[in-house]
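S.K.: Pasting a structure here, questions to come.
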Amino acid sequence: MKKILSILTIFIALFIGINTVNAVPKVDSTKKVYDYAERLTDDEEQKLKQQISEYTEEYDMDFVFVVLNNYTGSLQSYAQDFYDYNDFGVGKTHDGVIIVLNYDALGIDCWITTTGNAILMYDDARINSLKQRMSSVKNQGTYTIFSSALNLASSQADSGIPSSNKDYYIDENGDYVRKRTYPFMGILVIALLAAGIPTIVFVCKNKMVKKATMANEYLEGGSVSIYNRQDQFVSTHTSSHTISSSSGGGRGGSSISRGSSGRSHGGGGGRL
């Protein structure tokens, strides 16, 4: 029975994986602009492709635009899978960005996904700025939305990696990893204390013996015995306070999730 359940579990996992891959179309990854909602003219698509080519040449990262119509699934998953399974990105860590717009009855929904070193370049704050820029021009058409986002992304890249991600790097697997840091000042203080305390103790032990100033200092040890001793409890008082700590300690500037391919991604999105 256990063997049958194991086989069924494997079959279901494979079936889900196949469906996930098939949820996004297989495309020519050199095109960069995929308008499934027919919101762009051929001329606009060519202009965007040219802008992307210049961006990639300048910053060594990919950029992809997708337009959907009445998509009802997870836009985040769609963006990640579209990027991963169509093998977008520059270099071993697939550096790049994909922006997906979905037009539906409520207006425009969007998702921005970053991969590889683009995770470092576009932290949560920059992702939010990109979304706000797109929202500000949403009534000017799809071409303007994409073009404005790409212009802002270029300006952000000109500024380099934001300070929120200075302590992070992308490893060879494309994962977002915190750098190892060493508290040099703390180590120095500990070293000084370790060397200083024994020295102070040694000096104190070698000082001249002070003259006795109290009568009991002249008594021979054990010559006086105390036969009646009482400990009288008077009162007690206990005070307490709460020490609070931040739950976000040690967190970088990019929110990370893992796509169905197993690859790490940053990004964000929502309604424009």
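Residues in the structure tokens are named by chain (A, B, ... in the order shown) and by number from 1 within that chain; ligands are numbered from 1 in the order shown.
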Please identify all polymer residues within 8 Å of region 33-35 of chain A, counting only C-alpha atoms, omitting same-chain residues fewer than 4 positions from it, and present them as a PyMOL selection string.

M.R.: chain A and resi 39-40+45+48-49+64-68

S.K.: Output N, CA and C atoms for every residue in that selection, as a PDB file, in the first residue's frame.

M.R.:
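Contents of selection-v2.pdb, freshly written:
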ATOM      1  N   ARG A  39      -2.135  44.979 -27.617  1.00  0.00           N
ATOM      2  CA  ARG A  39      -2.169  46.358 -27.119  1.00  0.00           C
ATOM      3  C   ARG A  39      -1.064  47.217 -27.743  1.00  0.00           C
ATOM      4  N   LEU A  40      -0.163  46.599 -28.470  1.00  0.00           N
ATOM      5  CA  LEU A  40       0.965  47.319 -29.061  1.00  0.00           C
ATOM      6  C   LEU A  40       0.921  47.208 -30.582  1.00  0.00           C
ATOM      7  N   GLU A  45       6.347  47.734 -30.779  1.00  0.00           N
ATOM      8  CA  GLU A  45       7.108  46.564 -30.362  1.00  0.00           C
ATOM      9  C   GLU A  45       8.574  46.684 -30.775  1.00  0.00           C
ATOM     10  N   LEU A  48      10.383  49.184 -28.508  1.00  0.00           N
ATOM     11  CA  LEU A  48      10.674  48.609 -27.194  1.00  0.00           C
ATOM     12  C   LEU A  48      11.826  47.608 -27.288  1.00  0.00           C
ATOM     13  N   LYS A  49      11.828  46.830 -28.348  1.00  0.00           N
ATOM     14  CA  LYS A  49      12.911  45.855 -28.525  1.00  0.00           C
ATOM     15  C   LYS A  49      14.251  46.566 -28.666  1.00  0.00           C
ATOM     16  N   VAL A  64      12.361  41.857 -20.360  1.00  0.00           N
ATOM     17  CA  VAL A  64      11.285  41.204 -21.112  1.00  0.00           C
ATOM     18  C   VAL A  64       9.949  41.850 -20.769  1.00  0.00           C
ATOM     19  N   PHE A  65       9.102  42.051 -21.784  1.00  0.00           N
ATOM     20  CA  PHE A  65       7.756  42.593 -21.594  1.00  0.00           C
ATOM     21  C   PHE A  65       6.717  41.583 -22.083  1.00  0.00           C
ATOM     22  N   VAL A  66       5.670  41.387 -21.286  1.00  0.00           N
ATOM     23  CA  VAL A  66       4.570  40.494 -21.671  1.00  0.00           C
ATOM     24  C   VAL A  66       3.248  41.205 -21.387  1.00  0.00           C
ATOM     25  N   VAL A  67       2.296  41.089 -22.318  1.00  0.00           N
ATOM     26  CA  VAL A  67       0.959  41.661 -22.129  1.00  0.00           C
ATOM     27  C   VAL A  67      -0.072  40.549 -22.239  1.00  0.00           C
ATOM     28  N   LEU A  68      -0.912  40.424 -21.217  1.00  0.00           N
ATOM     29  CA  LEU A  68      -1.957  39.398 -21.185  1.00  0.00           C
ATOM     30  C   LEU A  68      -3.338  40.045 -21.162  1.00  0.00           C
TER      31      LEU A  68
END

S.K.: Within 8 Å of Thr115 (chain A), counting only C-alpha atoms, which residues show up once you throw out same-chain ones fewer than 2 positions away? Write them as a list in words, please.

M.R.: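 Skipping anything fewer than 2 positions along the chain leaves Gly89, Thr93, His94, Asp95, Gly96, Val97, Thr113, Asn117, Ala118, Ile119, Gly174, Ser264, His265 and Gly266 of chain A.
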
S.K.: Between CA of Gln140 (chain A) and CA of Asn69 (chain A), what is the distance in Å, rounded to a tenth?

M.R.: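 Between CA of Gln140 (chain A) and CA of Asn69 (chain A) the gap is 17.7 Å.
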
S.K.: Go through A:Gly253, A:Gln51, A:Gly262, A:Phe82 one by one, measure the shortest atom-to-atom distance of each to Arg126 (chain A) using only C-alpha atoms, and give the residue with the smallest value.

M.R.: A:Gly253

S.K.: Using DSSP assignments from the backbone, pull out every residue in region 90-160 of chain A that falls under helix (DSSP H, G or I) and give it to me as a ChimeraX atom specification.

M.R.: /A:117-121,124-136,138-140,142-158

S.K.: Could you pull out the strand (DSSP E or B) residues of region 9-112 of chain A, going by DSSP on the backbone, and write them as a list in words?

M.R.: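 Strand (DSSP E or B) assignments inside region 9-112 of chain A correspond to Val33, Tyr34, Asp35, Asp62, Phe63, Val64, Phe65, Val66, Val67, Leu68, Asn69, Val90, Asp95, Gly96, Val97, Ile98, Ile99, Val100, Leu101, Asn102, Tyr103, Asp104, Gly107, Ile108, Asp109, Cys110, Trp111 and Ile112 of chain A.
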
S.K.: Have a look at CA of Tyr122 (chain A) and CA of Asp42 (chain A) and let me know their distance in Å, one decimal.

M.R.: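 If I compute the distance from CA of Tyr122 (chain A) to CA of Asp42 (chain A), I get 29.2 Å.
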
S.K.: One number please: CA of Gly267 (chain A) to CA of Lys131 (chain A), in Å, one decimal.

M.R.: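 So the two atoms, CA of Gly267 (chain A) and CA of Lys131 (chain A), lie 10.4 Å apart.
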
S.K.: For Tyr169 (chain A), list every protein, DNA or RNA residue within 8 Å, evaluated using only C-alpha atoms, and leave out those in the same chain fewer than 3 positions away; present the list as a list of chain:residue names.

M.R.: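 The contact residues come out as A:Asn117, A:Leu120, A:Asn165, A:Lys166, A:Tyr176, A:Val177, A:Arg178, A:Lys179.
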
S.K.: Please determine, counting only C-alpha atoms, which residue among A:Ile256, A:Ile170, A:Ile98, A:Ala37 has the shortest atom-to-atom distance to Asn86 (chain A).

M.R.: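 For Asn86 (chain A), the nearest of the candidates is A:Ile98.
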